[in-house]
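Undergrad: Just start.cif, nothing more (mmCIF, C-alpha atoms):
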data_target
loop_
_atom_site.label_atom_id
_atom_site.label_comp_id
_atom_site.auth_asym_id
_atom_site.auth_seq_id
_atom_site.Cartn_x
_atom_site.Cartn_y
_atom_site.Cartn_z
CA MET W 1 -56.13 188.79 130.96
CA GLY W 2 -58.99 190.19 128.80
CA ARG W 3 -58.65 193.85 129.90
CA LEU W 4 -56.31 196.79 129.68
CA THR W 5 -54.34 197.67 132.79
CA LYS W 6 -53.05 201.18 133.44
CA GLU W 7 -49.48 199.92 133.16
CA LEU W 8 -50.07 198.26 129.79
CA ALA W 9 -52.02 201.27 128.48
CA GLN W 10 -49.21 203.67 129.35
CA ASN W 11 -46.68 201.30 127.83
CA ILE W 12 -48.65 201.31 124.56
CA VAL W 13 -48.79 205.11 124.66
CA ASP W 14 -45.07 205.54 125.25
CA ARG W 15 -44.07 203.10 122.51
CA THR W 16 -46.43 204.38 119.80
CA MET W 17 -45.83 208.09 120.46
CA HIS W 18 -42.11 207.52 120.04
CA VAL W 19 -42.81 206.25 116.50
CA ILE W 20 -45.63 208.50 115.16
CA GLY W 21 -44.90 211.78 116.97
CA TYR W 22 -48.54 212.48 117.92
CA ASN W 23 -50.18 212.36 121.31
CA VAL W 24 -51.85 209.02 122.00
CA ASN W 25 -54.58 208.20 124.53
CA VAL W 26 -55.74 204.77 125.62
CA MET W 27 -59.21 204.44 127.09
CA ASP W 28 -60.71 201.47 128.90
CA HIS W 29 -63.98 199.77 127.95
CA ASN W 30 -65.86 202.47 129.87
CA GLY W 31 -64.27 205.28 127.87
CA ARG W 32 -62.06 206.51 130.73
CA ILE W 33 -58.49 207.57 129.85
CA ILE W 34 -56.02 205.21 131.53
CA GLY W 35 -52.92 206.00 129.47
CA SER W 36 -51.90 209.25 127.78
CA GLY W 37 -49.00 211.31 126.52
CA ASP W 38 -50.72 214.21 128.28
CA ARG W 39 -50.82 213.07 131.91
CA SER W 40 -53.27 215.84 132.82
CA ARG W 41 -55.96 213.97 130.86
CA LEU W 42 -55.65 210.74 132.85
CA HIS W 43 -58.82 209.43 134.51
CA GLN W 44 -61.07 211.74 132.45
CA SER W 45 -64.06 210.39 130.54
CA HIS W 46 -63.57 210.52 126.76
CA GLU W 47 -66.86 211.01 124.94
CA GLY W 48 -65.32 210.21 121.56
CA ALA W 49 -64.19 206.82 122.89
CA LEU W 50 -67.72 206.07 124.09
CA ILE W 51 -69.09 206.81 120.60
CA ALA W 52 -66.43 204.57 119.03
CA ILE W 53 -67.45 201.78 121.43
CA GLN W 54 -71.12 202.26 120.51
CA ARG W 55 -70.23 202.06 116.82
CA ARG W 56 -67.88 199.12 117.47
CA GLY W 57 -65.31 200.69 115.19
CA ARG W 58 -63.85 204.09 114.33
CA PHE W 59 -64.90 207.62 115.26
CA GLU W 60 -63.10 210.64 113.84
CA ILE W 61 -63.34 214.09 115.41
CA ASP W 62 -62.68 217.40 113.64
CA GLU W 63 -62.44 220.85 115.23
CA GLU W 64 -66.17 221.49 115.00
CA SER W 65 -67.13 218.11 116.53
CA ALA W 66 -64.57 218.48 119.31
CA SER W 67 -66.18 221.74 120.47
CA LYS W 68 -69.48 219.93 120.97
CA LEU W 69 -68.13 216.95 122.94
CA GLN W 70 -66.84 216.68 126.50
CA GLY W 71 -63.18 215.84 127.23
CA VAL W 72 -62.40 215.49 123.53
CA MET W 73 -59.80 216.95 121.16
CA PRO W 74 -59.60 216.56 117.36
CA GLY W 75 -58.28 213.19 116.24
CA THR W 76 -59.30 209.62 115.54
CA ASN W 77 -60.51 206.87 117.88
CA LEU W 78 -60.55 203.13 117.18
CA VAL W 79 -61.81 200.34 119.38
CA ILE W 80 -59.32 197.70 120.58
CA TYR W 81 -60.42 194.07 120.39
CA PHE W 82 -59.13 191.15 122.39
CA GLN W 83 -60.41 187.64 121.67
CA GLY W 84 -63.45 189.06 119.91
CA GLU W 85 -64.43 191.53 122.64
CA ILE W 86 -63.99 195.31 122.87
CA VAL W 87 -61.61 196.04 125.74
CA GLY W 88 -60.79 199.68 125.07
CA VAL W 89 -60.15 202.46 122.60
CA ILE W 90 -57.00 203.90 121.13
CA GLY W 91 -57.08 207.63 120.36
CA ILE W 92 -54.61 209.76 118.37
CA THR W 93 -54.79 213.51 118.87
CA GLY W 94 -54.42 215.75 115.81
CA ASP W 95 -55.94 216.71 112.50
CA PRO W 96 -57.97 213.65 111.43
CA ARG W 97 -56.67 214.10 107.88
CA GLU W 98 -53.14 213.57 109.20
CA VAL W 99 -53.51 211.06 112.07
CA THR W 100 -56.09 208.73 110.52
CA LYS W 101 -53.38 207.08 108.44
CA TYR W 102 -51.72 205.95 111.68
CA GLY W 103 -54.93 204.66 113.23
CA GLU W 104 -54.92 201.05 112.06
CA LEU W 105 -51.19 200.73 112.72
CA VAL W 106 -51.52 201.96 116.30
CA LYS W 107 -54.62 199.80 116.85
CA MET W 108 -52.77 196.72 115.60
CA THR W 109 -49.80 197.56 117.84
CA ALA W 110 -52.07 197.93 120.85
CA GLU W 111 -53.78 194.60 120.18
CA MET W 112 -50.40 192.90 119.73
CA HIS W 113 -49.25 194.29 123.10
CA LEU W 114 -52.44 193.03 124.68
CA GLU W 115 -51.99 189.56 123.21
CA GLN W 116 -48.35 189.45 124.29
CA ALA W 117 -49.23 190.51 127.82
CA HIS W 118 -51.92 187.83 127.92
CA LEU W 119 -49.46 185.15 126.78
CA ILE W 120 -46.92 186.24 129.41
CA GLU W 121 -49.57 186.19 132.14
CA GLN W 122 -50.82 182.81 130.94
CA ALA W 123 -47.28 181.42 130.99
CA GLN W 124 -46.77 182.74 134.51
CA TRP W 125 -50.09 181.23 135.58
CA ASP W 126 -49.17 177.87 134.04
CA LYS W 127 -45.83 178.01 135.82
CA ARG W 128 -47.51 178.68 139.19
CA ILE W 129 -49.92 175.77 138.66
CA LYS W 130 -47.03 173.42 137.87
CA GLU W 131 -45.10 174.65 140.91
CA ASP W 132 -48.15 174.01 143.08
CA PHE W 133 -48.36 170.49 141.65
CA VAL W 134 -44.70 169.81 142.50
CA LEU W 135 -45.14 171.06 146.06
CA SER W 136 -48.29 168.95 146.37
CA ILE W 137 -46.23 165.88 145.44
CA VAL W 138 -43.69 166.86 148.10
CA HIS W 139 -46.36 166.87 150.82
CA ALA W 140 -48.77 164.30 149.34
CA LYS W 141 -50.63 161.75 151.42
CA LYS W 142 -51.96 158.52 149.94
CA GLU W 143 -55.57 159.68 149.96
CA GLN W 144 -54.58 162.65 147.76
CA HIS W 145 -53.09 160.57 144.93
CA GLU W 146 -56.29 160.39 142.89
CA ALA W 147 -56.79 164.16 142.99
CA LEU W 148 -53.16 164.65 141.98
CA SER W 149 -53.67 162.37 138.97
CA VAL W 150 -56.46 164.67 137.81
CA GLN W 151 -54.26 167.71 138.42
CA ALA W 152 -51.44 166.13 136.39
CA GLU W 153 -53.79 165.70 133.42
CA ARG W 154 -54.90 169.33 133.66
CA ILE W 155 -51.36 170.65 133.42
CA GLY W 156 -50.45 168.22 130.65
CA PHE W 157 -47.95 166.27 132.73
CA GLN W 158 -47.69 162.60 131.76
CA ALA W 159 -47.37 161.03 135.17
CA ASN W 160 -47.42 157.53 133.68
CA HIS W 161 -43.97 158.10 132.19
CA VAL W 162 -40.94 157.17 134.29
CA HIS W 163 -39.52 160.21 136.08
CA THR W 164 -36.78 160.81 138.62
CA ALA W 165 -36.91 163.36 141.42
CA CYS W 166 -33.83 165.45 142.12
CA LEU W 167 -33.28 167.71 145.07
CA ILE W 168 -30.78 170.56 144.62
CA GLU W 169 -29.51 172.25 147.75
CA LEU W 170 -27.40 175.40 147.63
CA GLN W 171 -24.49 175.64 150.05
CA GLU W 172 -24.95 179.35 150.59
CA ASP W 173 -25.44 180.78 154.07
CA ASN W 174 -26.41 184.29 152.97
CA HIS W 175 -30.21 184.20 152.69
CA GLU W 176 -30.49 186.96 150.09
CA LEU W 177 -27.78 185.46 147.88
CA ALA W 178 -29.35 182.02 148.21
CA SER W 179 -32.74 183.39 147.16
CA GLU W 180 -31.25 185.05 144.06
CA MET W 181 -29.33 181.89 143.17
CA LEU W 182 -32.44 179.74 143.53
CA GLN W 183 -34.29 181.96 141.07
CA GLN W 184 -31.32 181.78 138.70
CA VAL W 185 -31.18 177.98 138.94
CA VAL W 186 -34.89 177.76 138.09
CA ARG W 187 -34.49 180.11 135.12
CA VAL W 188 -31.64 177.98 133.76
CA LEU W 189 -33.24 174.57 134.28
CA GLU W 190 -36.89 175.23 133.42
CA LYS W 191 -35.86 175.78 129.79
CA ARG W 192 -34.43 172.26 129.47
CA SER W 193 -36.67 169.72 127.79
CA MET W 194 -35.56 166.82 130.01
CA ILE W 195 -36.81 168.67 133.12
CA ARG W 196 -40.58 168.33 133.22
CA LEU W 197 -41.38 170.07 136.51
CA ILE W 198 -39.42 172.33 138.83
CA ALA W 199 -40.20 174.39 141.95
CA ILE W 200 -38.45 176.13 144.82
CA ARG W 201 -39.07 174.04 147.93
CA ASN W 202 -37.66 176.36 150.59
CA GLY W 203 -34.95 178.97 151.15
CA ARG W 204 -32.15 176.72 149.91
CA GLN W 205 -33.68 173.84 147.98
CA ILE W 206 -35.19 173.19 144.57
CA VAL W 207 -37.03 170.02 143.65
CA LEU W 208 -37.41 168.90 140.05
CA PHE W 209 -38.66 165.90 138.14
CA LYS W 210 -36.76 164.88 135.05
CA GLU W 211 -37.72 162.24 132.57
CA LYS W 212 -35.55 159.16 132.88
CA LEU W 213 -33.55 159.26 129.66
CA HIS W 214 -30.19 157.87 130.73
CA LYS W 215 -29.15 154.88 132.74
CA ARG W 216 -26.47 155.30 135.34
CA GLU W 217 -23.68 152.86 134.53
CA PRO W 218 -22.10 150.80 137.34
CA GLY W 219 -19.19 152.60 138.95
CA GLU W 220 -20.17 156.02 137.60
CA ASP W 221 -20.37 158.75 140.21
CA ILE W 222 -22.71 160.90 138.16
CA CYS W 223 -25.28 159.73 135.66
CA GLU W 224 -25.58 161.56 132.35
CA GLY W 225 -28.65 163.58 133.36
CA ILE W 226 -27.06 164.91 136.55
CA HIS W 227 -23.84 165.65 134.69
CA GLN W 228 -25.84 167.82 132.28
CA ILE W 229 -27.57 169.69 135.11
CA ARG W 230 -24.26 170.43 136.80
CA SER W 231 -22.76 171.58 133.49
CA TRP W 232 -25.65 173.96 132.80
CA LEU W 233 -25.36 175.49 136.27
CA ALA W 234 -21.56 175.66 136.10
CA GLU W 235 -21.93 177.85 133.00
CA GLN W 236 -23.73 180.33 135.29
CA GLN W 237 -21.00 180.03 137.96
CA ILE W 238 -23.36 178.07 140.23
CA THR W 239 -21.22 175.26 141.61
CA SER W 240 -21.65 175.30 145.38
CA MET W 241 -24.49 172.83 145.74
CA ARG W 242 -25.52 169.31 146.65
CA ILE W 243 -27.74 167.12 144.50
CA ALA W 244 -29.74 164.14 145.72
CA VAL W 245 -31.26 161.76 143.17
CA GLY W 246 -34.28 159.66 144.06
CA LYS W 247 -35.30 156.31 142.67
CA SER W 248 -37.22 156.42 139.40
CA GLY W 249 -40.94 155.76 139.27
CA SER W 250 -44.16 156.35 137.37
CA GLY W 251 -47.65 157.32 138.41
CA ILE W 252 -48.40 159.61 141.35
CA ALA W 253 -47.24 156.97 143.84
CA GLY W 254 -43.99 156.64 141.90
CA LEU W 255 -43.44 160.41 141.90
CA VAL W 256 -44.07 160.64 145.63
CA ALA W 257 -41.70 157.74 146.35
CA SER W 258 -39.08 159.24 144.05
CA TYR W 259 -39.19 162.55 145.92
CA GLN W 260 -39.15 160.91 149.34
CA SER W 261 -36.14 158.80 148.39
CA ALA W 262 -34.33 161.91 147.11
CA GLU W 263 -35.08 163.72 150.37
CA ASP W 264 -33.80 160.77 152.42
CA ALA W 265 -30.67 160.61 150.26
CA MET W 266 -30.05 164.33 150.82
CA ARG W 267 -30.45 164.06 154.59
CA ALA W 268 -28.24 160.99 154.79
CA GLY W 269 -25.62 162.29 152.36
CA ARG W 270 -25.38 165.72 153.94
CA ALA W 271 -24.85 164.26 157.41
CA ILE W 272 -22.76 161.17 156.67
CA TYR W 273 -20.88 161.96 153.47
CA SER W 274 -20.42 165.71 153.76
CA ASN W 275 -17.31 165.60 151.55
CA GLN W 276 -19.46 164.44 148.60
CA THR W 277 -21.91 166.58 146.63
CA VAL W 278 -24.05 164.05 144.70
CA TYR W 279 -26.07 161.37 146.48
CA TYR W 280 -28.06 158.55 144.88
CA SER W 281 -30.79 156.95 146.92
CA GLU W 282 -29.98 153.58 145.33
CA ASP W 283 -26.50 153.80 146.90
CA LEU W 284 -27.77 154.66 150.38
CA PRO W 285 -30.49 152.15 151.39
CA ASN W 286 -29.04 151.46 154.84
CA GLU W 287 -28.30 155.13 155.53
CA ALA W 288 -31.84 156.04 154.45
CA LEU W 289 -33.13 153.43 156.85
CA MET W 290 -31.39 155.30 159.66
CA VAL W 291 -32.86 158.60 158.45
CA ASN W 292 -36.32 157.17 159.01
CA ALA W 293 -35.55 155.37 162.28
CA ASN W 294 -37.78 156.50 165.10
CA SER W 295 -36.14 157.48 168.36
CA SER W 296 -36.10 154.47 170.69
CA TRP W 297 -33.97 152.73 173.29
CA ILE W 298 -31.83 151.13 170.58
CA THR W 299 -31.14 154.35 168.68
CA GLU W 300 -30.23 156.10 171.93
CA GLU W 301 -27.99 153.20 172.91
CA LEU W 302 -26.17 153.27 169.57
CA VAL W 303 -25.70 157.03 169.66
CA GLN W 304 -24.24 156.74 173.16
CA LEU W 305 -21.97 153.94 171.95
CA TRP W 306 -20.50 156.11 169.22
CA SER W 307 -20.24 159.13 171.49
CA ALA W 308 -18.22 157.11 174.01
CA PHE W 309 -16.07 155.71 171.19
CA MET W 310 -15.30 159.25 169.98
CA GLU W 311 -14.34 160.27 173.49
CA ALA W 312 -11.89 157.36 173.75
CA ASP W 313 -10.56 157.79 170.20
CA ARG W 314 -9.40 161.42 170.45
CA SER W 315 -7.18 161.24 167.36
CA GLY W 316 -9.93 159.77 165.17
CA GLU W 317 -7.53 157.09 163.97
CA LEU W 318 -9.70 154.15 165.02
CA ARG W 319 -12.86 155.70 163.59
CA GLN W 320 -11.17 156.26 160.25
CA THR W 321 -9.97 152.68 160.29
CA LEU W 322 -13.48 151.39 161.01
CA ILE W 323 -15.04 153.46 158.22
CA VAL W 324 -12.48 152.32 155.65
CA TYR W 325 -12.81 148.73 156.87
CA PHE W 326 -16.57 148.89 156.27
CA ALA W 327 -16.16 150.59 152.87
CA GLU W 328 -13.71 147.89 151.72
CA HIS W 329 -15.94 145.05 152.97
CA GLY W 330 -13.33 143.85 155.47
CA GLU W 331 -10.71 143.08 152.79
CA LEU W 332 -7.59 143.52 154.95
CA ASN W 333 -5.13 144.14 152.12
CA ARG W 334 -7.26 146.88 150.56
CA VAL W 335 -7.92 148.47 153.95
CA ALA W 336 -4.23 148.49 154.83
CA ASP W 337 -3.34 149.93 151.41
CA ARG W 338 -5.89 152.75 151.72
CA LEU W 339 -4.71 153.60 155.23
CA VAL W 340 -1.05 153.13 154.25
CA ILE W 341 -0.38 150.89 157.25
CA HIS W 342 0.93 147.34 157.82
CA ARG W 343 -1.59 144.54 158.17
CA ASN W 344 -0.36 143.90 161.72
CA THR W 345 -1.12 147.53 162.57
CA LEU W 346 -4.59 147.08 161.11
CA ARG W 347 -5.19 143.97 163.21
CA TYR W 348 -4.08 145.88 166.31
CA ARG W 349 -6.51 148.73 165.56
CA LEU W 350 -9.40 146.34 165.02
CA GLN W 351 -8.60 144.74 168.38
CA ARG W 352 -8.58 148.16 170.04
CA ILE W 353 -11.97 148.99 168.50
CA GLN W 354 -13.39 145.81 170.00
CA GLU W 355 -11.90 146.61 173.39
CA LEU W 356 -13.31 150.14 173.44
CA THR W 357 -16.77 149.39 172.04
CA GLY W 358 -17.43 145.80 173.00
CA LYS W 359 -18.21 145.13 169.33
CA ASP W 360 -16.00 142.96 167.13
CA PRO W 361 -15.75 144.66 163.69
CA LYS W 362 -14.72 141.32 162.14
CA ARG W 363 -18.26 140.07 162.83
CA TYR W 364 -20.57 141.48 160.16
CA ASP W 365 -23.51 141.99 162.50
CA GLU W 366 -21.41 143.86 165.05
CA LEU W 367 -19.65 145.85 162.34
CA PHE W 368 -23.05 146.97 161.07
CA SER W 369 -24.03 147.97 164.60
CA LEU W 370 -20.92 150.15 164.84
CA ILE W 371 -21.50 151.78 161.47
CA SER W 372 -25.19 152.31 162.30
CA ALA W 373 -24.10 153.99 165.52
CA GLN W 374 -21.92 156.37 163.52
CA TRP W 375 -24.73 157.17 161.06
CA LEU W 376 -27.26 157.79 163.81
CA TYR W 377 -24.82 160.01 165.69
CA ARG W 378 -24.16 162.11 162.57
CA LEU W 379 -27.85 162.30 161.69
CA GLN W 380 -28.70 163.40 165.19
CA GLY W 381 -26.17 166.23 164.93
CA ALA W 382 -27.47 167.23 161.51
CA ALA W 383 -31.03 167.37 162.81
CA ASP W 384 -30.16 170.57 164.65
CA VAL W 385 -29.49 172.33 161.34
CA GLU W 386 -32.19 170.72 159.20
CA LEU W 387 -33.97 172.96 156.71
#
Please re-express this file's structure in structure tokens.
TA:
Amino acid sequence: MGRLTKELAQNIVDRTMHVIGYNVNVMDHNGRIIGSGDRSRLHQSHEGALIAIQRRGRFEIDEESASKLQGVMPGTNLVIYFQGEIVGVIGITGDPREVTKYGELVKMTAEMHLEQAHLIEQAQWDKRIKEDFVLSIVHAKKEQHEALSVQAERIGFQANHVHTACLIELQEDNHELASEMLQQVVRVLEKRSMIRLIAIRNGRQIVLFKEKLHKREPGEDICEGIHQIRSWLAEQQITSMRIAVGKSGSGIAGLVASYQSAEDAMRAGRAIYSNQTVYYSEDLPNEALMVNANSSWITEELVQLWSAFMEADRSGELRQTLIVYFAEHGELNRVADRLVIHRNTLRYRLQRIQELTGKDPKRYDELFSLISAQWLYRLQGAADVEL
């Protein structure tokens, strides 16, 4: 910061006058009044302040001296230092014999306010730099990796440690409410030591990088780190959200890949598994493959296949059967149990699926074609509402 602003000067005036009961003026390094208990004196040049600056210390003014100087009343004036430089003058109006005893106290208070304001501004500046770094990772190209490594060192971020990208998406349609909630989420999470970097990506999403401290155990829906994040946000009544977790990595290339995998997991999860709220990229390799599939004759053919299947299967019964059949790896007993149907009924449905689609779900390759068709169809529909 290094200088007094009008806002800070007036804040110093208001706070100190409340304590000492005398009028206080704050002058800038040019001796102009920028804060005062007497607003009529604002913007005037204060000759006593200029003398204090020349003396690099204190200048006291009695009644006789005041009559000889311009824009001056009896009192005491002391220069304000910041990081070894004079940045202004604090003046207390009154009989010097009375107000001088407050001089050093008010000067110290002013310098403390200045230091505090500097620290706040520095913290805000550091935060903006870190946010810029996160957003640079989000949009990074390979030729920018070296420059990002230098930037990571400047902000004190240890990119060589293993980190995991997480993408948090609020399920809030009201833009103003979403914006307020995003700010609240950042305020809650940026204080947590496990979260190294965090930034608002757009109107509904936040991206963060957390140090990999916990391993996700097989069969667990939520790893320990994500469980903590959800708990912290739940304490603030923020529960309507989706979270996508990327693969872990180190170095700039690892950070970029971690973010990209989290983004792919979010796109795939939102479109294909809309009833879930946490998506792990390691669980969705095939779905992520479809997210990145370029439009071609085969993608169009598969989308048309699923569209025709939906038209023929108005009740959705066959589609549900196919999805459960794929999820249970074709184990007929488990599929029948989940659908609460007889195995003969299941066989009949599988036969009907083959008749309607020309694909035999009992053949793994053709089953994957059918499931891919479903994923591509859902992703195509979700593309219309992408952020």
Undergrad: Just how far from CA of Trp125 (chain W) is CA of Gln236 (chain W), in Å to one decimal?
TA: 26.4 Å
Undergrad: So which residues get picked by the PyMOL selection byres ((chain W and resi 52-65) around 12) here, written as number ranges by chain?
TA: W: 27-32, 46-51, 66-81, 84-101, 103-104, 107
Undergrad: Quick check, in Å to one decimal: how far apart do CA of Ile252 (chain W) and CA of His145 (chain W) lie?
TA: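 Pair CA of Ile252 (chain W) / CA of His145 (chain W) returns 6.0 Å.
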Undergrad: Enter the distance from CA of Gly35 (chain W) to CA of Ile20 (chain W), in Å, rounded to one decimal.
TA: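 Separating CA of Gly35 (chain W) from CA of Ile20 (chain W) is a distance of 16.3 Å.
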Undergrad: For a cutoff of 7 Å around the file-coordinate point (-27.0, 172.6, 149.5), which residues qualify once you count all atoms listed in the file? I'd like the result as a PyMOL selection string.
TA: chain W and resi 168-171+204-205+241-242
Undergrad: Here's the selection I'm unsure about, the PyMOL selection byres ((chain W and resi 377) around 8); applied to the file above, which residues does it give, as a VMD selection string?
TA: chain W and resid 302 to 303 306 to 307 373 to 376 378 to 381
Undergrad: Mind writing the picked residues with C-alpha atoms as an mmCIF file, in the coordinates of the input?
TA:
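Saved result, out23.cif, follows:
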data_model
loop_
_atom_site.group_PDB
_atom_site.id
_atom_site.type_symbol
_atom_site.label_atom_id
_atom_site.label_comp_id
_atom_site.auth_asym_id
_atom_site.auth_seq_id
_atom_site.Cartn_x
_atom_site.Cartn_y
_atom_site.Cartn_z
ATOM 1 C CA LEU W 302 -26.170 153.270 169.570
ATOM 2 C CA VAL W 303 -25.700 157.030 169.660
ATOM 3 C CA TRP W 306 -20.500 156.110 169.220
ATOM 4 C CA SER W 307 -20.240 159.130 171.490
ATOM 5 C CA ALA W 373 -24.100 153.990 165.520
ATOM 6 C CA GLN W 374 -21.920 156.370 163.520
ATOM 7 C CA TRP W 375 -24.730 157.170 161.060
ATOM 8 C CA LEU W 376 -27.260 157.790 163.810
ATOM 9 C CA ARG W 378 -24.160 162.110 162.570
ATOM 10 C CA LEU W 379 -27.850 162.300 161.690
ATOM 11 C CA GLN W 380 -28.700 163.400 165.190
ATOM 12 C CA GLY W 381 -26.170 166.230 164.930
#
Undergrad: Between W:Ser315, W:Gln260, W:Gln237, W:Gln184, which has the minimum distance to Leu167 (chain W) (counting all atoms listed in the file)?
TA: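 Nearest candidate to Leu167 (chain W) out of W:Ser315, W:Gln260, W:Gln237, W:Gln184: W:Gln260.
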Undergrad: Name the closest residue to Ala140 (chain W) among the candidates W:Ala336, W:Pro285, W:Tyr259, W:Asn11; distances are taken between atoms, counting all atoms listed in the file.
TA: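 For Ala140 (chain W), the nearest of the candidates is W:Tyr259.
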Undergrad: Under the rule that only C-alpha atoms are counted, which of W:Ile34, W:Ala123, W:Ile12, W:Leu182 is the nearest residue to Glu111 (chain W)?
TA: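 Of the candidates, the smallest distance to Glu111 (chain W) is held by W:Ile12.
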